[in-house]
Amino acid sequence: MPIITTKQPEISNLFTNLIETNRLQHAYIFEGVAGTGKYEMAQWIAQSLYCQKNTNNQSPCLECNQCLRIQQGDHPDVTTLAPDGLSIKVDQVRAIKEEFSKSGMETRRKILIVKDMDKMTMNAANSLLKFIEEPEGEITIMLLTTEVQQLLPTIVSRAQIIHFPVRDISIRIDDILEKGIPREAATILAYLTQDTDRAVEIYESEEFNNIVEIVWKWFLLLHKNKDQALIYIQTDIMTFGSNREHASLILDLLILLYRDLTAICFEQERIIAFSKHEATLNEMASMKLQVRLPDILTLILAGKKKLSRYVSAQGVFEQIALNI
């Protein structure tokens, strides 16, 4: 049976070996930024354990009834727990514990996948801790999180942490291109998010392409005419900047532009995010600008922090324009 890879082939190979040698532990923490394939891996492990065609404990076929039911979230012995609203509540955990106290519907093994574990309330986490400490039967628990430091330390100490590294930028670009998105947009999106589905969502929003063009024009004005750059904030930037999510995107795009410029100035190896404008960026590169780039990036990153503290977006933009 051929090996079927995931977004994280090294991790899937690790779990293939653990399953083959019967060394699978009862609790794991999958830690990494959004889009690195944590939930996909959890499902893949469940499929490896239940696959009807997997007689050699290798990769799942992804085609049999068991694999498809797990993929669709319809397998009685594979349970996914996710936030109800903003958090995972204690009643949700109690219901899971009661369900898991019963034997498996189809096999002796039961699997629990917890999404956004860092959003679990303290009471829920303490309830889950007892479940992890005293599991009944053949149970595998996979806790998924982007912020392992937010988890209850006693839970962390009782589970094995598996870190999901950021995938190479070229791989992320290829994944986005496969969704039919043009390369000039795909390069930008790959830097904005690790999650291909999120990249598609951003691209398909009505505002994305307009914001990209507005930020590019503002970027040019910042280096040509400070007065016009300030006026442009009122006439164009704030058309979108009044929305806090859009304001954050505007600064993210501006940071990408200056990182592109930094890579060109310092001759660093980097796929240029704003590939459509690479020739113009090359023309802009100079020794004088090279000296100022670290301070400019620090200024914009400070603006991002201010936005997160609900400082006026227009004020943040104006401070950037006045100080670049």
# chains A, B, ... in the order shown; residues from 1 in each chain; ligands from 1
>>> residues_around(residues="stretch 81-96 of chain A", least_positions_apart="6", cutoff="10 Å", atoms="only C-alpha atoms", output="PyMOL selection string")
chain A and resi 112-128+131+143-144
>>> write_last_selection(atoms="N, CA and C atoms", output="compact mmCIF listing (two decimals), in the first residue's frame")
# COMPACT_ATOMS: atom_id res chain seq x y z
N LEU A 112 -10.73 10.92 20.78
CA LEU A 112 -11.25 12.25 21.05
C LEU A 112 -10.30 13.29 20.46
N ILE A 113 -10.84 14.16 19.62
CA ILE A 113 -10.06 15.27 19.05
C ILE A 113 -10.65 16.55 19.60
N VAL A 114 -9.83 17.37 20.24
CA VAL A 114 -10.30 18.63 20.82
C VAL A 114 -9.71 19.78 20.02
N LYS A 115 -10.56 20.51 19.31
CA LYS A 115 -10.12 21.69 18.55
C LYS A 115 -10.02 22.90 19.48
N ASP A 116 -9.07 23.79 19.19
CA ASP A 116 -8.93 25.05 19.96
C ASP A 116 -8.92 24.78 21.45
N MET A 117 -8.04 23.89 21.87
CA MET A 117 -7.95 23.52 23.28
C MET A 117 -7.69 24.74 24.17
N ASP A 118 -6.99 25.74 23.64
CA ASP A 118 -6.68 26.94 24.42
C ASP A 118 -7.93 27.77 24.74
N LYS A 119 -9.07 27.43 24.12
CA LYS A 119 -10.31 28.15 24.40
C LYS A 119 -11.20 27.42 25.42
N MET A 120 -10.62 26.43 26.07
CA MET A 120 -11.37 25.68 27.07
C MET A 120 -11.38 26.44 28.39
N THR A 121 -12.55 26.52 29.04
CA THR A 121 -12.64 27.21 30.33
C THR A 121 -11.85 26.44 31.38
N MET A 122 -11.51 27.11 32.48
CA MET A 122 -10.73 26.47 33.54
C MET A 122 -11.47 25.27 34.13
N ASN A 123 -12.77 25.43 34.36
CA ASN A 123 -13.56 24.31 34.91
C ASN A 123 -13.58 23.12 33.95
N ALA A 124 -13.72 23.42 32.66
CA ALA A 124 -13.72 22.35 31.66
C ALA A 124 -12.37 21.66 31.60
N ALA A 125 -11.30 22.46 31.68
CA ALA A 125 -9.94 21.90 31.62
C ALA A 125 -9.68 20.99 32.82
N ASN A 126 -10.12 21.41 34.00
CA ASN A 126 -9.94 20.58 35.19
C ASN A 126 -10.73 19.28 35.08
N SER A 127 -11.91 19.36 34.47
CA SER A 127 -12.73 18.17 34.27
C SER A 127 -12.05 17.22 33.28
N LEU A 128 -11.49 17.80 32.21
CA LEU A 128 -10.79 16.99 31.21
C LEU A 128 -9.53 16.37 31.79
N PHE A 131 -10.07 13.10 33.26
CA PHE A 131 -10.31 12.13 32.19
C PHE A 131 -8.98 11.66 31.60
N LEU A 143 -5.23 16.88 21.50
CA LEU A 143 -5.61 18.24 21.86
C LEU A 143 -4.91 19.20 20.90
N LEU A 144 -5.71 20.00 20.18
CA LEU A 144 -5.17 20.88 19.13
C LEU A 144 -5.16 22.32 19.63
>>> residues_around(residues="stretch 45-55 of chain A", least_positions_apart="5", cutoff="9 Å", atoms="only C-alpha atoms", output="list in words")
Met1, Ser12, Phe15, Thr16, Ile19, Glu40, Pro60, Cys61, Leu62, Glu63, Cys64, Asn65, Gln66, Cys67, Leu68, Ile70, Gln71, Val78, Thr107, Arg109 and Ile111 of chain A
>>> write_last_selection(atoms="N, CA and C atoms", output="tab-separated table (two decimals), in the first residue's frame")
chain	number	residue	atom	x	y	z
A	1	MET	N	0.85	-1.19	0.00
A	1	MET	CA	0.00	0.00	0.00
A	1	MET	C	0.89	1.24	0.00
A	12	SER	N	3.42	12.46	10.04
A	12	SER	CA	2.63	11.28	9.66
A	12	SER	C	3.51	10.03	9.67
A	15	PHE	N	3.83	8.88	13.31
A	15	PHE	CA	2.67	8.17	13.83
A	15	PHE	C	2.46	6.82	13.14
A	16	THR	N	2.86	6.71	11.89
A	16	THR	CA	2.83	5.40	11.23
A	16	THR	C	3.69	4.41	12.00
A	19	ILE	N	2.12	3.49	15.42
A	19	ILE	CA	1.00	2.56	15.27
A	19	ILE	C	1.53	1.16	14.94
A	40	GLU	N	-6.22	17.98	10.28
A	40	GLU	CA	-6.04	17.01	9.20
A	40	GLU	C	-5.24	15.81	9.70
A	60	PRO	N	-3.65	5.20	5.73
A	60	PRO	CA	-5.04	4.86	5.42
A	60	PRO	C	-5.32	5.01	3.92
A	61	CYS	N	-6.30	4.28	3.44
A	61	CYS	CA	-6.63	4.34	2.01
A	61	CYS	C	-7.39	5.62	1.66
A	62	LEU	N	-8.09	6.20	2.64
A	62	LEU	CA	-8.90	7.41	2.47
A	62	LEU	C	-10.12	7.19	1.57
A	63	GLU	N	-10.41	5.92	1.24
A	63	GLU	CA	-11.50	5.63	0.32
A	63	GLU	C	-12.55	4.69	0.89
A	64	CYS	N	-12.17	3.89	1.89
A	64	CYS	CA	-13.11	2.91	2.44
A	64	CYS	C	-14.18	3.60	3.28
A	65	ASN	N	-15.19	2.84	3.69
A	65	ASN	CA	-16.30	3.39	4.45
A	65	ASN	C	-15.83	4.04	5.75
A	66	GLN	N	-14.90	3.40	6.44
A	66	GLN	CA	-14.40	3.93	7.71
A	66	GLN	C	-13.67	5.26	7.51
A	67	CYS	N	-12.78	5.30	6.53
A	67	CYS	CA	-12.03	6.53	6.25
A	67	CYS	C	-12.95	7.69	5.88
A	68	LEU	N	-13.93	7.40	5.05
A	68	LEU	CA	-14.84	8.45	4.59
A	68	LEU	C	-15.71	8.97	5.74
A	70	ILE	N	-14.94	9.05	8.91
A	70	ILE	CA	-14.09	9.88	9.77
A	70	ILE	C	-13.88	11.25	9.13
A	71	GLN	N	-13.64	11.26	7.82
A	71	GLN	CA	-13.43	12.50	7.10
A	71	GLN	C	-14.66	13.41	7.20
A	78	VAL	N	-15.17	8.19	16.83
A	78	VAL	CA	-14.23	9.31	16.68
A	78	VAL	C	-15.02	10.60	16.96
A	107	THR	N	-15.69	-0.68	17.63
A	107	THR	CA	-14.43	-1.30	18.06
A	107	THR	C	-14.22	-0.95	19.53
A	109	ARG	N	-11.60	0.68	20.54
A	109	ARG	CA	-10.87	1.94	20.58
A	109	ARG	C	-11.81	3.13	20.38
A	111	ILE	N	-11.60	7.59	20.02
A	111	ILE	CA	-10.69	8.71	19.78
A	111	ILE	C	-11.42	10.02	20.07
>>> atom_distance(atom1="atom CA of A:Lys276", atom2="atom CA of A:Leu177")
15.4 Å
>>> closest_residue(among="A:Ala321, A:Leu253, A:Ala27, A:Leu192", to="A:Ile161", atoms="only C-alpha atoms")
A:Ala27
>>> select_by_dssp(residues="stretch 85-293 of chain A", states="strand (DSSP E or B)", output="VMD selection string")
chain A and resid 87 to 88 109 to 114 120 138 to 145 160 to 163
>>> write_last_selection(atoms="C-alpha atoms", output="PDB file, in the first residue's frame")
ATOM      1  CA  SER A  87     -15.191  28.626  24.573  1.00  0.00           C
ATOM      2  CA  ILE A  88     -15.330  24.913  25.350  1.00  0.00           C
ATOM      3  CA  ARG A 109     -10.872   1.943  20.580  1.00  0.00           C
ATOM      4  CA  LYS A 110     -12.280   5.457  20.930  1.00  0.00           C
ATOM      5  CA  ILE A 111     -10.694   8.713  19.784  1.00  0.00           C
ATOM      6  CA  LEU A 112     -11.253  12.253  21.046  1.00  0.00           C
ATOM      7  CA  ILE A 113     -10.064  15.266  19.046  1.00  0.00           C
ATOM      8  CA  VAL A 114     -10.298  18.625  20.817  1.00  0.00           C
ATOM      9  CA  MET A 120     -11.373  25.676  27.066  1.00  0.00           C
ATOM     10  CA  GLU A 138      -8.485   2.013  24.710  1.00  0.00           C
ATOM     11  CA  ILE A 139      -8.627   5.791  24.254  1.00  0.00           C
ATOM     12  CA  THR A 140      -6.501   8.225  22.205  1.00  0.00           C
ATOM     13  CA  ILE A 141      -6.887  11.956  22.921  1.00  0.00           C
ATOM     14  CA  MET A 142      -5.503  14.652  20.604  1.00  0.00           C
ATOM     15  CA  LEU A 143      -5.608  18.243  21.860  1.00  0.00           C
ATOM     16  CA  LEU A 144      -5.172  20.881  19.129  1.00  0.00           C
ATOM     17  CA  THR A 145      -3.921  24.363  19.955  1.00  0.00           C
ATOM     18  CA  GLN A 160       3.196  14.423  24.560  1.00  0.00           C
ATOM     19  CA  ILE A 161       3.612  17.682  22.637  1.00  0.00           C
ATOM     20  CA  ILE A 162       3.938  17.411  18.863  1.00  0.00           C
ATOM     21  CA  HIS A 163       5.030  20.699  17.265  1.00  0.00           C
TER      22      HIS A 163
END
>>> select_by_dssp(residues="stretch 9-144 of chain A", states="alpha helix (DSSP H)", output="PyMOL selection string")
chain A and resi 9-20+38-50+65-71+90-100+122-133
